[in-house]
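What follows is a short report on a single structure.
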Amino acid sequence: MSSGKDKIDRERVEYAVRLASLDSFIKTLPQGVDTPVGEGGCLLSGGQRQRLGIARALYKRAEILMFDEATSSLDEMTKHAINDSIIQLSEECPGLTLLIISHRSESLAICRKVIDIQELNSK
């Protein structure tokens, strides 16, 4: 017997999937959002795993998302897509705090405020 706590809010799933830019990909899966993705998402690409993590955090209504070198192991096209997803998140979720840790200028270009740790240490 499942409790109300275990019940999945399908509308919230769809919202999180859309914000994480996974909706087009999920439409291609045989069982949609119910398709098994393997242990730790081993059946997904790096970009798909990143987006799935974003969708899960959004579903749980996280107040802060931290991206630590979120695009470091991705190809150029996927890096741009992840950065576009982060921009979309910042626009559609104004109450959500996004922390991006990166040494890549293209990842930091989307940030409203940049704090350079090296500059802080030299003061």
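FYI, nothing fancy with the structure tokens labels: chains A, B, ... in order, residues from 1 per chain, ligands from 1 as they appear.
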Exercise for review: Could you tell me, as number ranges by chain, which residues of chain A DSSP assigns to strand (DSSP E or B) when given the backbone?
Suggested key: A: 64-68, 97-101
Hey, could you make a per-residue contact list for stretch 12-76 of chain A against stretch 98-103 of chain A with 8 Å as the cut-off, showing the nearest pair of atoms and its distance in Å to one decimal, counting only C-alpha atoms, sorted by chain and number, as CSV?
```
residue,atom,partner,partner_atom,distance
A:Ile64,CA,A:Leu98,CA,5.8
A:Leu65,CA,A:Leu98,CA,5.0
A:Met66,CA,A:Leu99,CA,4.6
A:Phe67,CA,A:Ile100,CA,4.7
A:Asp68,CA,A:Ile101,CA,4.6
A:Glu69,CA,A:Ser102,CA,5.0
A:Ala70,CA,A:Ser102,CA,7.9
```
Review point. From the list A:Ala57, A:Glu63, A:Gly46, A:Gln88, which residue is nearest A:Asp75 when using only C-alpha atoms?
Key: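 The answer is A:Gly46, which sits nearest to A:Asp75.
The two atoms in question, atom CA of A:Arg10 and atom CA of A:Gly32, are spaced 11.8 Å apart.
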